[in-house]
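Q: Before we start, here is the structure in question, set down as structure tokens.
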Amino acid sequence: MAGRRDLTDYQYRKARARVLAESDTCIMCGHPGADATDHIIPVARGGAPRDPDNLAPIHGVAGCPTCGRKCNNDKSDKPLSAVTRLNTSRDWYTGPTQGATGRHGVPGT
């Protein structure tokens, strides 16, 4: 990341804040709590550096607090289509279901 001044300029920080305000669900593992953004199409491969449509939430340096995966490190400079996303028992990408109940009609069981 040395020499990446575009990651600290005002336009990038504004786009990053907007993306994280819309969702904190990580594009790699699907768990909530993403604290960084990553380029879907890496800048090194022609992706737009400040386009909010090319940014997505991802767990940063500390990794995911739920699964422990180092999401940003795993993705590296590969396009999203070239990385393996985590398969979990819950579909975190869709968000919470409204009025979901467990066994016996009791929420959370």
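Naming scheme: A, B, ... for chains in displayed order of the structure tokens; residues 1 onward per chain; ligands 1 onward as shown.
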Would you list the contacts of segment 21-26 of chain A as a compact mmCIF listing (two decimals) with all heavy atoms, in the first residue's frame, taking every protein, DNA or RNA residue within 10 Å and counting only C-alpha atoms, but skipping same-chain residues closer than 5 positions in sequence?
A:
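And here's around-v8.txt as it stands now:
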# COMPACT_ATOMS: atom_id res chain seq x y z
N ALA A 15 -16.30 8.55 0.18
CA ALA A 15 -16.94 7.37 -0.43
C ALA A 15 -16.90 6.18 0.54
O ALA A 15 -17.88 5.44 0.68
CB ALA A 15 -16.23 7.02 -1.73
N ARG A 16 -15.78 6.01 1.23
CA ARG A 16 -15.63 4.93 2.20
C ARG A 16 -16.65 5.06 3.32
O ARG A 16 -17.30 4.09 3.72
CB ARG A 16 -14.21 4.95 2.77
CG ARG A 16 -13.94 3.93 3.84
CD ARG A 16 -12.54 4.15 4.43
NE ARG A 16 -12.24 3.20 5.46
CZ ARG A 16 -12.55 3.33 6.73
NH1 ARG A 16 -13.17 4.42 7.15
NH2 ARG A 16 -12.24 2.40 7.60
N HIS A 31 -20.09 -11.72 7.56
CA HIS A 31 -20.42 -11.36 8.94
C HIS A 31 -20.46 -9.84 9.09
O HIS A 31 -19.75 -9.13 8.40
CB HIS A 31 -19.38 -11.94 9.90
CG HIS A 31 -19.39 -13.43 9.95
ND1 HIS A 31 -18.24 -14.17 9.84
CD2 HIS A 31 -20.40 -14.31 10.05
CE1 HIS A 31 -18.55 -15.46 9.91
NE2 HIS A 31 -19.85 -15.57 10.03
N PRO A 32 -21.28 -9.35 10.03
CA PRO A 32 -21.33 -7.91 10.27
C PRO A 32 -20.08 -7.41 10.99
O PRO A 32 -19.27 -8.20 11.47
CB PRO A 32 -22.57 -7.75 11.16
CG PRO A 32 -22.74 -9.07 11.83
CD PRO A 32 -22.21 -10.10 10.87
N GLY A 33 -19.94 -6.10 11.04
CA GLY A 33 -18.85 -5.48 11.77
C GLY A 33 -17.66 -5.09 10.91
O GLY A 33 -16.58 -4.84 11.45
N ALA A 34 -17.84 -5.02 9.60
CA ALA A 34 -16.74 -4.60 8.73
C ALA A 34 -16.32 -3.19 9.11
O ALA A 34 -17.15 -2.32 9.33
CB ALA A 34 -17.16 -4.66 7.27
N ASP A 35 -15.01 -2.96 9.16
CA ASP A 35 -14.50 -1.66 9.58
C ASP A 35 -13.64 -1.00 8.50
O ASP A 35 -12.98 0.00 8.76
CB ASP A 35 -13.70 -1.80 10.87
CG ASP A 35 -12.54 -2.78 10.73
OD1 ASP A 35 -12.42 -3.44 9.68
OD2 ASP A 35 -11.73 -2.87 11.67
N ALA A 36 -13.63 -1.56 7.32
CA ALA A 36 -12.84 -1.02 6.22
C ALA A 36 -13.60 -1.25 4.91
O ALA A 36 -14.63 -1.92 4.90
CB ALA A 36 -11.48 -1.70 6.16
N THR A 37 -13.09 -0.67 3.84
CA THR A 37 -13.66 -0.95 2.52
C THR A 37 -12.55 -1.47 1.62
O THR A 37 -11.37 -1.22 1.86
CB THR A 37 -14.27 0.30 1.87
OG1 THR A 37 -13.28 1.32 1.76
CG2 THR A 37 -15.46 0.81 2.66
N ASP A 38 -12.95 -2.21 0.62
CA ASP A 38 -11.99 -2.73 -0.35
C ASP A 38 -12.56 -2.53 -1.73
O ASP A 38 -13.78 -2.45 -1.91
CB ASP A 38 -11.71 -4.20 -0.09
CG ASP A 38 -10.46 -4.68 -0.80
OD1 ASP A 38 -9.51 -3.89 -0.90
OD2 ASP A 38 -10.44 -5.83 -1.25
N ALA A 56 -16.61 -1.92 -1.29
CA ALA A 56 -17.50 -2.77 -0.50
C ALA A 56 -16.92 -2.94 0.90
O ALA A 56 -15.70 -2.90 1.08
CB ALA A 56 -17.65 -4.12 -1.18
N PRO A 57 -17.78 -3.14 1.90
CA PRO A 57 -17.31 -3.33 3.27
C PRO A 57 -16.49 -4.62 3.39
O PRO A 57 -16.80 -5.63 2.76
CB PRO A 57 -18.59 -3.44 4.09
CG PRO A 57 -19.69 -2.95 3.21
CD PRO A 57 -19.24 -3.14 1.80
N ILE A 58 -15.46 -4.57 4.21
CA ILE A 58 -14.62 -5.74 4.46
C ILE A 58 -13.99 -5.58 5.84
O ILE A 58 -13.83 -4.46 6.32
CB ILE A 58 -13.54 -5.88 3.35
CG1 ILE A 58 -12.92 -7.28 3.36
CG2 ILE A 58 -12.49 -4.80 3.47
CD1 ILE A 58 -12.13 -7.59 2.10
N HIS A 59 -13.66 -6.70 6.48
CA HIS A 59 -12.95 -6.63 7.76
C HIS A 59 -11.50 -6.28 7.48
O HIS A 59 -10.86 -6.89 6.64
CB HIS A 59 -13.05 -7.95 8.52
CG HIS A 59 -14.43 -8.21 9.01
ND1 HIS A 59 -15.24 -9.17 8.48
CD2 HIS A 59 -15.15 -7.61 9.98
CE1 HIS A 59 -16.40 -9.17 9.10
NE2 HIS A 59 -16.37 -8.22 10.01
N GLY A 60 -10.99 -5.30 8.20
CA GLY A 60 -9.64 -4.80 7.97
C GLY A 60 -8.57 -5.58 8.68
O GLY A 60 -8.64 -6.81 8.81
N CYS A 64 -12.10 -10.53 11.23
CA CYS A 64 -13.50 -10.68 11.61
C CYS A 64 -13.61 -11.12 13.06
O CYS A 64 -13.01 -12.12 13.45
CB CYS A 64 -14.18 -11.69 10.69
SG CYS A 64 -15.90 -12.01 11.14
N CYS A 71 -10.03 -11.10 6.38
CA CYS A 71 -10.73 -10.94 5.11
C CYS A 71 -9.96 -10.10 4.09
O CYS A 71 -9.82 -10.50 2.94
CB CYS A 71 -12.11 -10.35 5.34
SG CYS A 71 -13.14 -11.40 6.41
N ASN A 72 -9.48 -8.94 4.50
CA ASN A 72 -8.77 -8.07 3.56
C ASN A 72 -7.47 -8.71 3.09
O ASN A 72 -7.09 -8.59 1.93
CB ASN A 72 -8.53 -6.70 4.17
CG ASN A 72 -8.40 -5.62 3.12
OD1 ASN A 72 -8.51 -5.86 1.93
ND2 ASN A 72 -8.17 -4.41 3.58
N ARG A 85 -15.37 -17.04 -1.05
CA ARG A 85 -16.11 -16.42 0.05
C ARG A 85 -16.48 -17.50 1.05
O ARG A 85 -16.64 -18.67 0.70
CB ARG A 85 -17.34 -15.72 -0.48
CG ARG A 85 -16.96 -14.50 -1.32
CD ARG A 85 -18.10 -13.93 -2.07
NE ARG A 85 -19.11 -13.37 -1.19
CZ ARG A 85 -20.21 -12.77 -1.64
NH1 ARG A 85 -20.42 -12.65 -2.91
NH2 ARG A 85 -21.09 -12.30 -0.79
N TRP A 92 -25.67 -14.40 5.87
CA TRP A 92 -25.43 -13.06 6.39
C TRP A 92 -25.58 -12.00 5.30
O TRP A 92 -25.81 -10.84 5.59
CB TRP A 92 -24.03 -12.97 6.98
CG TRP A 92 -23.87 -13.78 8.21
CD1 TRP A 92 -23.43 -15.06 8.28
CD2 TRP A 92 -24.15 -13.39 9.55
NE1 TRP A 92 -23.41 -15.50 9.58
CE2 TRP A 92 -23.84 -14.48 10.38
CE3 TRP A 92 -24.62 -12.22 10.13
CZ2 TRP A 92 -24.00 -14.43 11.76
CZ3 TRP A 92 -24.77 -12.17 11.51
CH2 TRP A 92 -24.47 -13.26 12.30
N TYR A 93 -25.43 -12.39 4.05
CA TYR A 93 -25.49 -11.42 2.97
C TYR A 93 -26.89 -10.83 2.79
O TYR A 93 -27.04 -9.74 2.29
CB TYR A 93 -25.03 -12.07 1.65
CG TYR A 93 -23.62 -12.57 1.72
CD1 TYR A 93 -23.35 -13.92 1.84
CD2 TYR A 93 -22.54 -11.69 1.69
CE1 TYR A 93 -22.05 -14.38 1.92
CE2 TYR A 93 -21.24 -12.14 1.78
CZ TYR A 93 -21.00 -13.49 1.90
OH TYR A 93 -19.72 -13.93 1.99
N THR A 94 -27.92 -11.55 3.20
CA THR A 94 -29.28 -11.06 3.02
C THR A 94 -29.76 -10.22 4.20
O THR A 94 -30.77 -9.54 4.10
CB THR A 94 -30.28 -12.22 2.84
OG1 THR A 94 -30.26 -13.03 4.01
CG2 THR A 94 -29.93 -13.03 1.62
N GLY A 95 -29.06 -10.27 5.30
CA GLY A 95 -29.47 -9.50 6.47
C GLY A 95 -30.45 -10.29 7.32
O GLY A 95 -30.82 -11.42 7.00
Q: For the atom pair atom CA of Ser76 of chain A and atom CA of Arg50 of chain A, what is the interatomic distance in Å to one decimal place?
A: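 These atoms are spaced 17.8 Å apart.
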Q: Hey, what does DSSP flag as strand (DSSP E) within segment 48-87 of chain A? Can you give it to me as a count of residues only?
A: 4
Q: Please provide the set of residues having any atom within 6 Å of segment 39-41 of chain A, restricted to only C-alpha atoms, with same-chain residues fewer than 4 positions apart removed, written as a ChimeraX atom specification.
A: /A:47,54-55,79-80
Q: Nearest to Gly63 of chain A among A:Ser81, A:Met28, A:Pro42, A:Ala17, with distances taken over only C-alpha atoms: which residue is it?
A: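 Checking each candidate against Gly63 of chain A, we get A:Met28 as the closest.
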Q: Would you mind reading off the distance between atom CA of Pro65 of chain A and atom CA of Tyr10 of chain A, one decimal, in Å?
A: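 It comes out at 28.4 Å.
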Q: Using backbone DSSP assignments, extract all helix (DSSP H, G or I) residues from segment 12-61 of chain A; output them as a list in words.
A: Tyr12, Arg13, Lys14, Ala15, Arg16, Ala17, Arg18, Val19, Leu20, Ala21, Glu22, Val43, Ala44, Arg45, Pro52, Asp53 and Asn54 of chain A
Q: Let me see the file: selected residues, N, CA, C and O atoms, as a PDB file, in the first residue's frame.
A:
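The new file result.pdb reads:
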ATOM      1  N   TYR A  12     -11.952   9.817  -1.455  1.00  0.00           N
ATOM      2  CA  TYR A  12     -11.963   8.398  -1.082  1.00  0.00           C
ATOM      3  C   TYR A  12     -12.550   8.208   0.313  1.00  0.00           C
ATOM      4  O   TYR A  12     -13.387   7.324   0.535  1.00  0.00           O
ATOM      5  N   ARG A  13     -12.130   9.017   1.270  1.00  0.00           N
ATOM      6  CA  ARG A  13     -12.639   8.885   2.644  1.00  0.00           C
ATOM      7  C   ARG A  13     -14.140   9.123   2.698  1.00  0.00           C
ATOM      8  O   ARG A  13     -14.856   8.459   3.450  1.00  0.00           O
ATOM      9  N   LYS A  14     -14.632  10.059   1.888  1.00  0.00           N
ATOM     10  CA  LYS A  14     -16.068  10.331   1.837  1.00  0.00           C
ATOM     11  C   LYS A  14     -16.826   9.126   1.256  1.00  0.00           C
ATOM     12  O   LYS A  14     -17.851   8.714   1.797  1.00  0.00           O
ATOM     13  N   ALA A  15     -16.304   8.546   0.183  1.00  0.00           N
ATOM     14  CA  ALA A  15     -16.935   7.372  -0.427  1.00  0.00           C
ATOM     15  C   ALA A  15     -16.896   6.184   0.542  1.00  0.00           C
ATOM     16  O   ALA A  15     -17.879   5.445   0.679  1.00  0.00           O
ATOM     17  N   ARG A  16     -15.776   6.015   1.231  1.00  0.00           N
ATOM     18  CA  ARG A  16     -15.629   4.930   2.202  1.00  0.00           C
ATOM     19  C   ARG A  16     -16.651   5.064   3.324  1.00  0.00           C
ATOM     20  O   ARG A  16     -17.299   4.089   3.716  1.00  0.00           O
ATOM     21  N   ALA A  17     -16.804   6.263   3.847  1.00  0.00           N
ATOM     22  CA  ALA A  17     -17.769   6.500   4.934  1.00  0.00           C
ATOM     23  C   ALA A  17     -19.185   6.203   4.469  1.00  0.00           C
ATOM     24  O   ALA A  17     -19.981   5.621   5.212  1.00  0.00           O
ATOM     25  N   ARG A  18     -19.506   6.569   3.229  1.00  0.00           N
ATOM     26  CA  ARG A  18     -20.845   6.310   2.699  1.00  0.00           C
ATOM     27  C   ARG A  18     -21.124   4.813   2.570  1.00  0.00           C
ATOM     28  O   ARG A  18     -22.187   4.330   2.945  1.00  0.00           O
ATOM     29  N   VAL A  19     -20.139   4.077   2.072  1.00  0.00           N
ATOM     30  CA  VAL A  19     -20.300   2.627   1.912  1.00  0.00           C
ATOM     31  C   VAL A  19     -20.499   1.955   3.271  1.00  0.00           C
ATOM     32  O   VAL A  19     -21.389   1.124   3.438  1.00  0.00           O
ATOM     33  N   LEU A  20     -19.685   2.322   4.258  1.00  0.00           N
ATOM     34  CA  LEU A  20     -19.803   1.718   5.581  1.00  0.00           C
ATOM     35  C   LEU A  20     -21.074   2.133   6.309  1.00  0.00           C
ATOM     36  O   LEU A  20     -21.595   1.371   7.127  1.00  0.00           O
ATOM     37  N   ALA A  21     -21.595   3.320   5.999  1.00  0.00           N
ATOM     38  CA  ALA A  21     -22.856   3.758   6.609  1.00  0.00           C
ATOM     39  C   ALA A  21     -24.039   2.954   6.054  1.00  0.00           C
ATOM     40  O   ALA A  21     -25.017   2.717   6.755  1.00  0.00           O
ATOM     41  N   GLU A  22     -23.930   2.532   4.794  1.00  0.00           N
ATOM     42  CA  GLU A  22     -25.002   1.764   4.166  1.00  0.00           C
ATOM     43  C   GLU A  22     -25.028   0.321   4.658  1.00  0.00           C
ATOM     44  O   GLU A  22     -26.089  -0.272   4.788  1.00  0.00           O
ATOM     45  N   VAL A  43      -7.715  -1.536  -7.953  1.00  0.00           N
ATOM     46  CA  VAL A  43      -7.200  -0.384  -8.696  1.00  0.00           C
ATOM     47  C   VAL A  43      -6.062  -0.830  -9.613  1.00  0.00           C
ATOM     48  O   VAL A  43      -5.956  -0.392 -10.752  1.00  0.00           O
ATOM     49  N   ALA A  44      -5.233  -1.747  -9.144  1.00  0.00           N
ATOM     50  CA  ALA A  44      -4.113  -2.251  -9.943  1.00  0.00           C
ATOM     51  C   ALA A  44      -4.580  -2.983 -11.204  1.00  0.00           C
ATOM     52  O   ALA A  44      -3.826  -3.142 -12.152  1.00  0.00           O
ATOM     53  N   ARG A  45      -5.855  -3.402 -11.193  1.00  0.00           N
ATOM     54  CA  ARG A  45      -6.410  -4.114 -12.356  1.00  0.00           C
ATOM     55  C   ARG A  45      -7.424  -3.260 -13.114  1.00  0.00           C
ATOM     56  O   ARG A  45      -8.269  -3.789 -13.827  1.00  0.00           O
ATOM     57  N   PRO A  52     -17.841   4.800  -5.427  1.00  0.00           N
ATOM     58  CA  PRO A  52     -18.502   4.044  -4.361  1.00  0.00           C
ATOM     59  C   PRO A  52     -19.051   2.699  -4.838  1.00  0.00           C
ATOM     60  O   PRO A  52     -19.160   1.760  -4.052  1.00  0.00           O
ATOM     61  N   ASP A  53     -19.377   2.586  -6.119  1.00  0.00           N
ATOM     62  CA  ASP A  53     -19.870   1.312  -6.645  1.00  0.00           C
ATOM     63  C   ASP A  53     -18.761   0.269  -6.762  1.00  0.00           C
ATOM     64  O   ASP A  53     -19.042  -0.921  -6.952  1.00  0.00           O
ATOM     65  N   ASN A  54     -17.507   0.695  -6.664  1.00  0.00           N
ATOM     66  CA  ASN A  54     -16.383  -0.232  -6.698  1.00  0.00           C
ATOM     67  C   ASN A  54     -15.830  -0.493  -5.295  1.00  0.00           C
ATOM     68  O   ASN A  54     -14.830  -1.167  -5.140  1.00  0.00           O
TER      69      ASN A  54
END
Q: Would you compute the distance between atom CA of Lys70 of chain A and atom CA of Cys29 of chain A? Give it in Å to one decimal.
A: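 These two atoms are separated by 9.4 Å.
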